[in-house]
>>> print(open('start_3.cif').read())   # mmCIF, C-alpha atoms and all ligand atoms
data_final
loop_
_atom_site.label_atom_id
_atom_site.label_comp_id
_atom_site.auth_asym_id
_atom_site.auth_seq_id
_atom_site.Cartn_x
_atom_site.Cartn_y
_atom_site.Cartn_z
CA MET A 31 -131.91 43.00 -26.07
CA THR A 32 -128.54 44.71 -26.58
CA SER A 33 -126.44 43.61 -29.47
CA THR A 34 -123.11 41.87 -28.83
CA SER A 35 -120.02 42.73 -30.85
CA MET A 36 -116.66 41.02 -30.84
CA VAL A 37 -113.56 43.17 -31.26
CA THR A 38 -110.37 41.24 -31.91
CA GLY A 39 -107.21 43.16 -31.03
CA ALA A 40 -109.29 45.01 -28.42
CA LEU A 41 -106.21 46.08 -26.44
CA GLY A 42 -104.47 47.52 -29.49
CA PHE A 43 -104.27 51.16 -30.53
CA ILE A 44 -107.31 51.16 -32.82
CA GLY A 45 -109.21 48.22 -31.30
CA SER A 46 -109.29 49.81 -27.84
CA ARG A 47 -110.68 53.05 -29.25
CA LEU A 48 -113.36 51.15 -31.19
CA THR A 49 -114.25 49.06 -28.14
CA ALA A 50 -114.58 52.13 -25.92
CA GLN A 51 -116.96 53.74 -28.43
CA LEU A 52 -119.12 50.63 -28.78
CA LEU A 53 -119.41 50.35 -25.00
CA GLU A 54 -120.30 54.02 -24.75
CA ASP A 55 -123.12 53.43 -27.23
CA GLY A 56 -124.55 50.59 -25.16
CA TYR A 57 -123.20 47.50 -26.94
CA ASP A 58 -121.97 44.44 -25.12
CA VAL A 59 -118.42 43.78 -26.27
CA ILE A 60 -116.29 40.66 -26.16
CA GLY A 61 -112.70 41.78 -26.58
CA VAL A 62 -110.17 39.22 -27.77
CA ASP A 63 -106.48 40.00 -27.36
CA CYS A 64 -103.59 37.76 -26.32
CA VAL A 65 -101.16 40.69 -25.79
CA THR A 66 -98.48 39.76 -28.28
CA ASP A 67 -94.85 40.79 -27.86
CA ALA A 68 -95.04 43.28 -30.74
CA TYR A 69 -94.55 46.26 -28.36
CA ASP A 70 -94.53 47.22 -24.68
CA ALA A 71 -97.39 45.28 -23.07
CA SER A 72 -97.91 47.87 -20.32
CA GLU A 73 -99.81 50.12 -22.75
CA LYS A 74 -102.20 47.25 -23.49
CA PHE A 75 -102.72 46.43 -19.83
CA MET A 76 -103.57 50.08 -19.11
CA ARG A 77 -106.23 49.87 -21.83
CA LEU A 78 -107.56 46.65 -20.33
CA ASP A 79 -107.90 48.34 -16.91
CA THR A 80 -109.95 51.12 -18.51
CA LEU A 81 -112.21 48.80 -20.54
CA ARG A 82 -112.83 46.41 -17.65
CA VAL A 83 -114.50 49.11 -15.60
CA ASN A 84 -117.51 48.76 -17.88
CA PRO A 85 -119.67 45.73 -16.89
CA HIS A 86 -120.65 45.27 -20.55
CA TYR A 87 -117.04 44.39 -21.44
CA ARG A 88 -115.83 40.80 -21.32
CA HIS A 89 -112.21 40.02 -22.04
CA ALA A 90 -110.82 36.87 -23.63
CA GLY A 91 -107.03 36.76 -23.45
CA VAL A 92 -106.66 34.05 -26.07
CA ASP A 93 -104.61 33.61 -29.24
CA LEU A 94 -107.05 33.51 -32.15
CA ALA A 95 -104.87 31.11 -34.10
CA ASP A 96 -105.00 28.29 -31.54
CA ALA A 97 -107.92 28.85 -29.14
CA PRO A 98 -111.40 27.35 -29.45
CA LEU A 99 -113.61 30.29 -30.44
CA ASP A 100 -117.09 28.78 -30.90
CA GLU A 101 -118.26 29.52 -27.39
CA LEU A 102 -116.93 33.08 -27.48
CA LEU A 103 -118.83 33.74 -30.70
CA SER A 104 -122.12 32.52 -29.32
CA GLY A 105 -124.61 35.41 -29.53
CA VAL A 106 -122.19 37.70 -31.40
CA ASP A 107 -123.72 39.76 -34.17
CA VAL A 108 -120.75 41.66 -35.67
CA VAL A 109 -117.06 40.73 -35.53
CA TYR A 110 -114.60 43.62 -35.93
CA HIS A 111 -111.38 41.80 -36.74
CA LEU A 112 -108.52 44.12 -35.89
CA ALA A 113 -106.13 41.66 -34.23
CA GLY A 114 -102.92 41.36 -36.14
CA ARG A 115 -99.21 42.00 -36.17
CA ALA A 116 -98.65 45.43 -37.67
CA GLY A 117 -95.46 47.11 -38.89
CA VAL A 118 -93.66 46.94 -42.21
CA ARG A 119 -89.99 47.00 -41.21
CA ASP A 120 -90.21 44.39 -38.44
CA SER A 121 -91.82 41.94 -40.81
CA PHE A 122 -88.54 41.29 -42.63
CA GLY A 123 -87.00 38.40 -40.74
CA SER A 124 -90.15 37.65 -38.70
CA ALA A 125 -92.42 36.40 -41.47
CA ALA A 126 -93.57 33.39 -39.39
CA LYS A 127 -94.94 35.61 -36.60
CA TYR A 128 -96.74 37.72 -39.19
CA ARG A 129 -98.23 34.63 -40.81
CA HIS A 130 -99.39 33.38 -37.41
CA ASP A 131 -101.05 36.61 -36.22
CA ASN A 132 -102.36 37.82 -39.57
CA ILE A 133 -103.18 34.73 -41.63
CA GLN A 134 -103.59 31.76 -39.27
CA ALA A 135 -105.49 33.86 -36.72
CA THR A 136 -107.85 35.09 -39.46
CA GLU A 137 -108.36 31.61 -40.88
CA SER A 138 -109.28 30.18 -37.51
CA LEU A 139 -111.63 33.07 -36.67
CA LEU A 140 -113.40 32.73 -40.03
CA GLN A 141 -113.93 28.99 -39.61
CA SER A 142 -115.54 29.49 -36.21
CA ALA A 143 -117.59 32.49 -37.35
CA ARG A 144 -118.97 30.44 -40.22
CA ARG A 145 -120.29 27.90 -37.69
CA ALA A 146 -121.79 30.58 -35.42
CA PRO A 147 -125.45 31.10 -36.32
CA THR A 148 -125.67 34.68 -34.98
CA VAL A 149 -122.67 36.24 -36.76
CA ARG A 150 -123.98 38.34 -39.64
CA ARG A 151 -120.96 40.51 -40.52
CA ILE A 152 -117.18 40.50 -40.32
CA VAL A 153 -115.30 43.76 -40.78
CA TYR A 154 -111.60 43.20 -41.41
CA ALA A 155 -108.85 45.76 -40.76
CA SER A 156 -106.74 45.51 -43.90
CA SER A 157 -104.04 47.96 -44.90
CA SER A 158 -102.85 50.37 -47.57
CA SER A 159 -99.62 48.29 -47.49
CA VAL A 160 -101.30 45.88 -49.91
CA TYR A 161 -100.74 48.47 -52.67
CA GLY A 162 -96.95 48.93 -52.39
CA ASN A 163 -95.86 51.60 -54.86
CA ALA A 164 -99.00 51.42 -57.01
CA LYS A 165 -100.07 54.45 -59.05
CA LEU A 166 -101.70 57.24 -57.02
CA PRO A 167 -104.41 57.50 -55.87
CA PHE A 168 -104.58 53.87 -54.74
CA ASN A 169 -107.67 52.34 -56.28
CA GLU A 170 -109.36 49.23 -54.87
CA GLU A 171 -109.74 47.88 -58.40
CA GLY A 172 -106.07 48.50 -59.28
CA PRO A 173 -103.07 46.21 -58.74
CA THR A 174 -101.87 45.11 -55.31
CA ILE A 175 -98.09 44.73 -55.08
CA PRO A 176 -97.09 44.46 -51.39
CA LEU A 177 -93.46 45.37 -50.66
CA SER A 178 -93.09 43.50 -47.35
CA PRO A 179 -94.11 40.26 -45.62
CA TYR A 180 -96.49 42.43 -43.57
CA GLY A 181 -98.26 43.80 -46.67
CA GLN A 182 -98.44 40.31 -48.18
CA SER A 183 -99.91 38.82 -44.99
CA LYS A 184 -102.59 41.54 -44.85
CA LEU A 185 -103.49 40.89 -48.49
CA ASP A 186 -103.70 37.13 -47.92
CA ALA A 187 -105.92 37.60 -44.85
CA GLU A 188 -108.09 40.10 -46.69
CA ARG A 189 -108.65 37.56 -49.48
CA LEU A 190 -109.60 34.88 -46.94
CA CYS A 191 -112.19 37.23 -45.45
CA LEU A 192 -113.68 38.31 -48.76
CA GLU A 193 -113.90 34.72 -50.02
CA MET A 194 -116.04 33.93 -46.98
CA ASP A 195 -118.72 36.48 -47.96
CA GLY A 196 -122.19 34.99 -48.45
CA ASP A 197 -124.58 32.42 -47.03
CA GLY A 198 -125.85 34.57 -44.21
CA MET A 199 -122.46 35.94 -43.17
CA THR A 200 -121.14 38.99 -45.01
CA THR A 201 -117.60 40.36 -44.98
CA THR A 202 -115.95 43.70 -45.74
CA ALA A 203 -112.25 44.57 -45.74
CA LEU A 204 -111.25 48.13 -44.94
CA ARG A 205 -107.84 49.22 -46.19
CA TYR A 206 -106.72 51.61 -43.46
CA PHE A 207 -104.21 54.31 -44.44
CA THR A 208 -101.60 55.15 -41.74
CA VAL A 209 -103.63 55.67 -38.59
CA TYR A 210 -102.55 58.24 -35.98
CA GLY A 211 -103.84 60.06 -32.92
CA PRO A 212 -103.69 59.60 -29.13
CA GLY A 213 -102.67 56.06 -28.22
CA GLN A 214 -100.72 55.45 -31.43
CA ARG A 215 -98.39 52.42 -31.32
CA PRO A 216 -94.88 53.18 -30.05
CA ASP A 217 -93.22 51.84 -33.23
CA MET A 218 -95.00 54.25 -35.59
CA GLY A 219 -93.27 57.23 -37.22
CA LEU A 220 -95.48 60.08 -35.99
CA ARG A 221 -95.11 58.88 -32.40
CA LEU A 222 -91.34 58.33 -32.67
CA PHE A 223 -90.89 61.81 -34.19
CA ALA A 224 -92.98 63.46 -31.48
CA GLU A 225 -91.25 61.54 -28.70
CA ALA A 226 -87.82 62.59 -29.98
CA ALA A 227 -88.91 66.24 -30.23
CA ILE A 228 -90.42 66.32 -26.73
CA LEU A 229 -87.38 64.63 -25.19
CA ARG A 230 -85.01 66.85 -27.26
CA ARG A 231 -83.36 63.87 -28.91
CA PRO A 232 -82.42 63.54 -32.58
CA LEU A 233 -85.18 62.04 -34.69
CA LYS A 234 -84.41 59.46 -37.33
CA LEU A 235 -85.50 60.25 -40.87
CA PHE A 236 -85.45 57.26 -43.24
CA GLY A 237 -85.10 58.56 -46.81
CA ASP A 238 -85.08 62.16 -47.98
CA GLY A 239 -88.29 63.35 -46.31
CA THR A 240 -90.15 63.89 -49.58
CA GLN A 241 -92.13 60.67 -49.08
CA SER A 242 -95.78 61.36 -48.33
CA ARG A 243 -98.60 59.65 -46.45
CA ASP A 244 -102.36 59.80 -46.38
CA PHE A 245 -102.65 59.96 -42.58
CA THR A 246 -106.02 59.04 -41.04
CA TYR A 247 -107.14 60.10 -37.58
CA VAL A 248 -108.09 57.22 -35.31
CA ASP A 249 -111.63 58.45 -34.62
CA ASP A 250 -112.28 58.70 -38.36
CA ILE A 251 -111.07 55.11 -38.73
CA VAL A 252 -113.42 54.02 -35.94
CA THR A 253 -116.33 55.80 -37.64
CA ALA A 254 -115.65 54.07 -40.97
CA THR A 255 -115.24 50.71 -39.25
CA ARG A 256 -118.61 51.03 -37.57
CA LEU A 257 -120.28 52.17 -40.78
CA ALA A 258 -118.95 49.02 -42.44
CA ALA A 259 -120.88 46.88 -39.99
CA ASP A 260 -124.18 48.04 -41.43
CA CYS A 261 -123.50 49.06 -45.02
CA SER A 262 -125.33 47.16 -47.72
CA ALA A 263 -122.20 46.34 -49.79
CA SER A 264 -120.16 43.30 -48.88
CA GLY A 265 -117.48 41.04 -50.33
CA VAL A 266 -115.39 44.10 -51.24
CA ALA A 267 -112.32 46.00 -50.08
CA ILE A 268 -112.79 49.69 -49.30
CA ASN A 269 -110.07 52.32 -48.77
CA VAL A 270 -110.28 54.41 -45.61
CA GLY A 271 -108.00 57.44 -45.79
CA GLY A 272 -107.75 60.89 -44.30
CA GLY A 273 -108.37 62.65 -47.61
CA SER A 274 -105.03 64.43 -48.13
CA ARG A 275 -101.34 63.66 -48.46
CA ILE A 276 -98.56 65.24 -46.48
CA THR A 277 -94.77 64.88 -46.76
CA LEU A 278 -92.50 64.11 -43.83
CA TRP A 279 -90.89 67.57 -44.15
CA GLU A 280 -94.33 69.09 -43.67
CA VAL A 281 -94.86 66.84 -40.64
CA PHE A 282 -91.59 68.12 -39.12
CA GLU A 283 -92.59 71.76 -39.62
CA ILE A 284 -95.89 71.16 -37.83
CA LEU A 285 -94.16 69.22 -35.06
CA ALA A 286 -91.57 71.97 -34.47
CA GLU A 287 -94.41 74.42 -34.11
CA LEU A 288 -96.45 72.22 -31.78
CA THR A 289 -93.55 71.48 -29.43
CA GLY A 290 -91.70 74.79 -29.75
CA GLU A 291 -88.52 72.77 -30.37
CA ARG A 292 -85.88 72.97 -33.10
CA LEU A 293 -85.74 69.43 -34.45
CA ALA A 294 -82.42 67.63 -34.79
CA ILE A 295 -82.63 65.17 -37.66
CA GLU A 296 -80.46 62.08 -38.17
CA HIS A 297 -80.50 60.85 -41.77
CA GLU A 298 -80.86 57.13 -42.52
CA PRO A 299 -81.25 55.33 -45.86
CA PHE A 300 -84.76 54.81 -47.21
CA ALA A 301 -86.28 51.81 -45.35
CA ARG A 302 -86.98 48.56 -47.14
CA GLY A 303 -90.66 47.81 -47.54
CA ASP A 304 -91.86 51.40 -47.13
CA ALA A 305 -93.93 52.83 -49.98
CA LYS A 306 -92.73 56.16 -51.37
CA HIS A 307 -96.21 57.69 -51.28
CA THR A 308 -99.67 56.60 -50.17
CA GLY A 309 -102.97 58.19 -51.10
CA ALA A 310 -106.46 56.72 -51.09
CA LEU A 311 -109.11 56.99 -53.74
CA LEU A 312 -112.14 57.53 -51.51
CA ASP A 313 -115.06 57.15 -53.92
CA ARG A 314 -116.01 53.72 -52.54
CA ALA A 315 -115.81 54.87 -48.93
CA GLU A 316 -118.10 57.77 -49.78
CA THR A 317 -120.64 55.82 -51.80
CA LEU A 318 -120.66 52.47 -49.99
CA LEU A 319 -120.06 53.64 -46.42
CA GLY A 320 -121.18 57.27 -46.53
CA PHE A 321 -117.77 58.08 -45.01
CA THR A 322 -115.62 61.20 -45.22
CA ALA A 323 -112.82 61.99 -42.79
CA LYS A 324 -113.56 64.83 -40.39
CA VAL A 325 -110.23 65.50 -38.67
CA ASP A 326 -107.47 67.32 -40.54
CA PHE A 327 -103.82 66.59 -39.89
CA VAL A 328 -102.92 69.63 -37.80
CA GLU A 329 -105.89 69.11 -35.49
CA GLY A 330 -105.24 65.37 -35.16
CA TYR A 331 -101.48 65.64 -34.64
CA THR A 332 -102.02 68.35 -32.03
CA ALA A 333 -104.20 65.91 -30.07
CA GLN A 334 -101.56 63.18 -30.41
CA VAL A 335 -98.67 65.40 -29.33
CA ARG A 336 -100.60 66.73 -26.29
CA TRP A 337 -101.48 63.14 -25.29
CA LEU A 338 -97.84 62.07 -25.61
CA GLN A 339 -96.59 65.05 -23.60
CA SER A 340 -98.91 64.07 -20.78
CA LEU A 341 -97.94 60.37 -20.99
CA LEU A 342 -94.23 61.24 -20.80
CA ARG A 343 -94.84 63.66 -17.90
CA ASP A 344 -96.66 60.91 -15.97
CA ALA A 345 -93.86 58.44 -16.73
CA ARG A 346 -91.25 60.92 -15.40
CA ARG A 347 -93.31 61.43 -12.22
CA THR A 348 -93.57 57.70 -11.50
CA ALA A 349 -89.91 56.94 -12.41
N1 LIG B 401 -102.18 51.51 -37.20
C1 LIG B 401 -102.19 51.64 -38.52
O1 LIG B 401 -101.75 52.64 -39.10
C2 LIG B 401 -102.80 50.54 -39.38
C3 LIG B 401 -102.84 50.74 -40.78
C4 LIG B 401 -103.38 49.73 -41.57
C5 LIG B 401 -103.90 48.57 -41.00
N2 LIG B 401 -103.82 48.42 -39.65
C6 LIG B 401 -104.35 47.17 -39.08
O2 LIG B 401 -105.26 47.51 -38.04
C7 LIG B 401 -105.18 46.55 -36.99
C8 LIG B 401 -104.93 47.25 -35.65
O3 LIG B 401 -103.72 48.00 -35.73
P1 LIG B 401 -103.11 48.73 -34.45
O4 LIG B 401 -102.24 49.81 -34.94
O5 LIG B 401 -104.19 49.01 -33.48
O6 LIG B 401 -102.17 47.55 -33.90
P2 LIG B 401 -101.91 47.02 -32.41
O7 LIG B 401 -100.68 46.17 -32.50
O8 LIG B 401 -101.90 48.14 -31.45
O9 LIG B 401 -103.18 46.09 -32.13
C9 LIG B 401 -103.29 44.77 -32.56
C10 LIG B 401 -103.67 43.90 -31.36
O10 LIG B 401 -103.91 42.57 -31.81
C11 LIG B 401 -103.44 41.67 -30.81
N3 LIG B 401 -103.15 40.38 -31.48
C12 LIG B 401 -102.23 40.17 -32.45
N4 LIG B 401 -102.23 38.88 -32.83
C13 LIG B 401 -103.19 38.25 -32.08
C14 LIG B 401 -103.65 36.91 -32.03
N5 LIG B 401 -103.11 35.94 -32.77
N6 LIG B 401 -104.66 36.62 -31.15
C15 LIG B 401 -105.20 37.59 -30.35
N7 LIG B 401 -104.77 38.89 -30.37
C16 LIG B 401 -103.78 39.21 -31.23
C17 LIG B 401 -102.21 42.34 -30.26
O11 LIG B 401 -101.86 41.90 -28.95
C18 LIG B 401 -102.57 43.82 -30.30
O12 LIG B 401 -103.04 44.30 -29.05
C19 LIG B 401 -104.06 45.57 -37.37
O13 LIG B 401 -104.64 44.44 -37.96
C20 LIG B 401 -103.26 46.35 -38.41
O14 LIG B 401 -102.63 45.49 -39.35
C21 LIG B 401 -103.29 49.36 -38.82
#
>>> encode(input="start_3.cif", output="structure tokens")
Amino acid sequence: MTSTSMVTGALGFIGSRLTAQLLEDGYDVIGVDCVTDAYDASEKFMRLDTLRVNPHYRHAGVDLADAPLDELLSGVDVVYHLAGRAGVRDSFGSAAKYRHDNIQATESLLQSARRAPTVRRIVYASSSSVYGNAKLPFNEEGPTIPLSPYGQSKLDAERLCLEMDGDGMTTTALRYFTVYGPGQRPDMGLRLFAEAAILRRPLKLFGDGTQSRDFTYVDDIVTATRLAADCSASGVAINVGGGSRITLWEVFEILAELTGERLAIEHEPFARGDAKHTGALLDRAETLLGFTAKVDFVEGYTAQVRWLQSLLRDARRTA
């Protein structure tokens, strides 16, 4: 008998990539995604068209916070809980939406999963935003000081998941560090920078460009997420990072080279809620998951920029 996984947020950037991989490896997948208004829905519907081609994919277009989930969870072995409202800056002024999609949705999913006799593991997509400006490298045992309603909502949901560990259902929270690669969300920096460069428009730089990020390629994130389904440790948070830090100025140099364009930069004040630097301590990921990132930044960003160039070419052709 094939094993059935549930992926929440299956039409999202990371969830769709995870779902595609599970299907490729012969799993039955129930994808839950209500297509929120967080960004252009057409990208999500394109992903749905691709996933639906596989007869082992079943889609449930329901909101996790309000829909009955017991029937959907029947026969499910592992729940990969990636549904959520992402984005730091947008969360100021929209805290209620973030609470709904990140906390209430998680609470409701956990209650139903607890009742489902077959669910043995929940893997939760948490975030490096829970750390704020903590001391580098960010350590799972160190303080969490979120700087935004988004970061706070991810921390609250993570706690709900970890509290639920035990009694036949185990839980793990993965703290993803800025995920990038083909399919990246349209509101994320690396995509906005690349789009501006390709379209020869000025790109907006918030802050002085010396801020740095531990960027993690989407396929590495998917690998770690799948490893978490079967690792022996549970009830813990685990960092998942790319293994190195890079400043925005370094990103711009690489981007100029990849696109052959001279970048025009518009300076904006440092954005509220953004951490100055992020960097993951990866000891837990290595020992508990057996995970190390494989894709370095230049290789990964090249793949993302080539994907975006082709997406924009197709959009021009159909316009
Ligand atoms: N992308 C990153 O860099 C990053 C970093 C850290 C953590 N994360 C977390 O990883 C997860 C996936 O991120 P992503 O970048 O793929 O985001 P995404 O917005 O592309 O995907 C999230 C999906 O969840 C769905 N969703 C949201 N609320 C829902 C609800 N109440 N019911 C059903 N579906 C709902 C959305 O429609 C969307 O398709 C999120 O939980 C995010 O917080 C992402």
>>> residues_near_ligand(input="start_3.cif", ligand="ligand LIG 401 (chain B)", cutoff="6 Å", atoms="all atoms listed in the file", output="number ranges by chain")
A: 39, 41-45, 62-66, 92-95, 112-116, 131, 135, 155-157, 206-209, 215
>>> residues_near_point(input="start_3.cif", point="(-123.6, 34.8, -31.0)", cutoff="8 Å", atoms="only C-alpha atoms", output="PDB file with C-alpha atoms, keeping the file's coordinate frame")
ATOM      1  CA  THR A  34    -123.110  41.870 -28.830  1.00  0.00           C
ATOM      2  CA  LEU A 102    -116.930  33.080 -27.480  1.00  0.00           C
ATOM      3  CA  LEU A 103    -118.830  33.740 -30.700  1.00  0.00           C
ATOM      4  CA  SER A 104    -122.120  32.520 -29.320  1.00  0.00           C
ATOM      5  CA  GLY A 105    -124.610  35.410 -29.530  1.00  0.00           C
ATOM      6  CA  VAL A 106    -122.190  37.700 -31.400  1.00  0.00           C
ATOM      7  CA  ASP A 107    -123.720  39.760 -34.170  1.00  0.00           C
ATOM      8  CA  ALA A 146    -121.790  30.580 -35.420  1.00  0.00           C
ATOM      9  CA  PRO A 147    -125.450  31.100 -36.320  1.00  0.00           C
ATOM     10  CA  THR A 148    -125.670  34.680 -34.980  1.00  0.00           C
ATOM     11  CA  VAL A 149    -122.670  36.240 -36.760  1.00  0.00           C
TER      12      VAL A 149
END
>>> closest_residue(input="start_3.cif", among="A:Val37, A:Leu311, A:Ala305, A:Val248", to="Phe327 in chain A", atoms="only C-alpha atoms")
A:Val248
>>> atom_distance(input="start_3.cif", atom1="CA of Ala301 in chain A", atom2="CA of Arg231 in chain A")
20.6 Å
>>> atom_distance(input="start_3.cif", atom1="CA of Gln182 in chain A", atom2="CA of Ser159 in chain A")
8.1 Å
>>> atom_distance(input="start_3.cif", atom1="CA of Glu298 in chain A", atom2="CA of Asp238 in chain A")
8.5 Å
>>> residues_around(input="start_3.cif", residues="Phe122 in chain A", least_positions_apart="2", cutoff="10 Å", atoms="all atoms listed in the file", output="MDAnalysis selection string")
chainID A and resid 117:120 124:126 128 178:180 302:303
>>> closest_residue(input="start_3.cif", among="A:Thr240, A:Ala259, A:Thr253, A:Thr289", to="Arg150 in chain A", atoms="all atoms listed in the file")
A:Ala259
>>> closest_residue(input="start_3.cif", among="A:Ala40, A:Ala263, A:Ala333, A:Leu233", to="Gly196 in chain A", atoms="all atoms listed in the file")
A:Ala263
>>> closest_residue(input="start_3.cif", among="A:Gly309, A:Gly91, A:Gly239, A:Gly273", to="Leu166 in chain A", atoms="all atoms listed in the file")
A:Gly309
>>> closest_residue(input="start_3.cif", among="A:Asp249, A:Asp304, A:Glu225, A:Glu101", to="Thr322 in chain A", atoms="all atoms listed in the file")
A:Asp249
>>> closest_residue(input="start_3.cif", among="A:Ala143, A:Leu229, A:Val281, A:Leu220", to="Gly198 in chain A", atoms="all atoms listed in the file")
A:Ala143
>>> residues_around(input="start_3.cif", residues="Phe168 in chain A", least_positions_apart="2", cutoff="8 Å", atoms="all atoms listed in the file", output="list of chain:residue names")
A:Tyr161, A:Ala164, A:Lys165, A:Leu166, A:Glu170, A:Gly172, A:Thr308, A:Gly309, A:Ala310, A:Leu311
>>> residues_around(input="start_3.cif", residues="Val108 in chain A", least_positions_apart="6", cutoff="12 Å", atoms="only C-alpha atoms", output="PyMOL selection string")
chain A and resi 33-38+52+57-60+143+146-154+199-202+255-260
>>> build_atoms(input="start_3.cif", residues="range 240-262 of chain A", atoms="N, CA and C atoms", output="mmCIF file, in the frame of the given file")
data_model
loop_
_atom_site.group_PDB
_atom_site.id
_atom_site.type_symbol
_atom_site.label_atom_id
_atom_site.label_comp_id
_atom_site.auth_asym_id
_atom_site.auth_seq_id
_atom_site.Cartn_x
_atom_site.Cartn_y
_atom_site.Cartn_z
ATOM 1 N N THR A 240 -89.134 63.474 -48.596
ATOM 2 C CA THR A 240 -90.150 63.890 -49.580
ATOM 3 C C THR A 240 -91.251 62.838 -49.706
ATOM 4 N N GLN A 241 -91.070 61.683 -49.016
ATOM 5 C CA GLN A 241 -92.130 60.670 -49.080
ATOM 6 C C GLN A 241 -93.395 61.238 -48.399
ATOM 7 N N SER A 242 -94.539 60.789 -48.862
ATOM 8 C CA SER A 242 -95.780 61.360 -48.330
ATOM 9 C C SER A 242 -96.744 60.255 -47.900
ATOM 10 N N ARG A 243 -97.629 60.618 -46.977
ATOM 11 C CA ARG A 243 -98.600 59.650 -46.450
ATOM 12 C C ARG A 243 -99.987 60.281 -46.379
ATOM 13 N N ASP A 244 -100.970 59.419 -46.596
ATOM 14 C CA ASP A 244 -102.360 59.800 -46.380
ATOM 15 C C ASP A 244 -102.667 59.377 -44.947
ATOM 16 N N PHE A 245 -102.455 60.288 -43.994
ATOM 17 C CA PHE A 245 -102.650 59.960 -42.580
ATOM 18 C C PHE A 245 -104.135 60.023 -42.224
ATOM 19 N N THR A 246 -104.590 59.090 -41.386
ATOM 20 C CA THR A 246 -106.020 59.040 -41.040
ATOM 21 C C THR A 246 -106.182 59.036 -39.525
ATOM 22 N N TYR A 247 -106.967 59.972 -39.034
ATOM 23 C CA TYR A 247 -107.140 60.100 -37.580
ATOM 24 C C TYR A 247 -107.930 58.918 -37.034
ATOM 25 N N VAL A 248 -107.526 58.462 -35.854
ATOM 26 C CA VAL A 248 -108.090 57.220 -35.310
ATOM 27 C C VAL A 248 -109.611 57.261 -35.161
ATOM 28 N N ASP A 249 -110.169 58.412 -34.784
ATOM 29 C CA ASP A 249 -111.630 58.450 -34.620
ATOM 30 C C ASP A 249 -112.346 58.356 -35.972
ATOM 31 N N ASP A 250 -111.708 58.861 -37.023
ATOM 32 C CA ASP A 250 -112.280 58.700 -38.360
ATOM 33 C C ASP A 250 -112.265 57.219 -38.772
ATOM 34 N N ILE A 251 -111.171 56.540 -38.420
ATOM 35 C CA ILE A 251 -111.070 55.110 -38.730
ATOM 36 C C ILE A 251 -112.175 54.333 -37.997
ATOM 37 N N VAL A 252 -112.380 54.696 -36.739
ATOM 38 C CA VAL A 252 -113.420 54.020 -35.940
ATOM 39 C C VAL A 252 -114.796 54.266 -36.570
ATOM 40 N N THR A 253 -115.039 55.488 -36.995
ATOM 41 C CA THR A 253 -116.330 55.800 -37.640
ATOM 42 C C THR A 253 -116.531 54.928 -38.878
ATOM 43 N N ALA A 254 -115.517 54.862 -39.731
ATOM 44 C CA ALA A 254 -115.650 54.070 -40.970
ATOM 45 C C ALA A 254 -115.852 52.593 -40.641
ATOM 46 N N THR A 255 -115.161 52.125 -39.623
ATOM 47 C CA THR A 255 -115.240 50.710 -39.250
ATOM 48 C C THR A 255 -116.654 50.368 -38.778
ATOM 49 N N ARG A 256 -117.233 51.278 -38.041
ATOM 50 C CA ARG A 256 -118.610 51.030 -37.570
ATOM 51 C C ARG A 256 -119.612 51.144 -38.714
ATOM 52 N N LEU A 257 -119.375 52.066 -39.625
ATOM 53 C CA LEU A 257 -120.280 52.170 -40.780
ATOM 54 C C LEU A 257 -120.258 50.880 -41.601
ATOM 55 N N ALA A 258 -119.082 50.242 -41.644
ATOM 56 C CA ALA A 258 -118.950 49.020 -42.440
ATOM 57 C C ALA A 258 -119.762 47.856 -41.866
ATOM 58 N N ALA A 259 -120.102 47.963 -40.596
ATOM 59 C CA ALA A 259 -120.880 46.880 -39.990
ATOM 60 C C ALA A 259 -122.300 46.840 -40.534
ATOM 61 N N ASP A 260 -122.778 47.971 -41.018
ATOM 62 C CA ASP A 260 -124.180 48.040 -41.430
ATOM 63 C C ASP A 260 -124.383 48.456 -42.880
ATOM 64 N N CYS A 261 -123.292 48.609 -43.639
ATOM 65 C CA CYS A 261 -123.500 49.060 -45.020
ATOM 66 C C CYS A 261 -124.031 47.893 -45.858
ATOM 67 N N SER A 262 -124.690 48.233 -46.973
ATOM 68 C CA SER A 262 -125.330 47.160 -47.720
ATOM 69 C C SER A 262 -124.323 46.395 -48.599
#
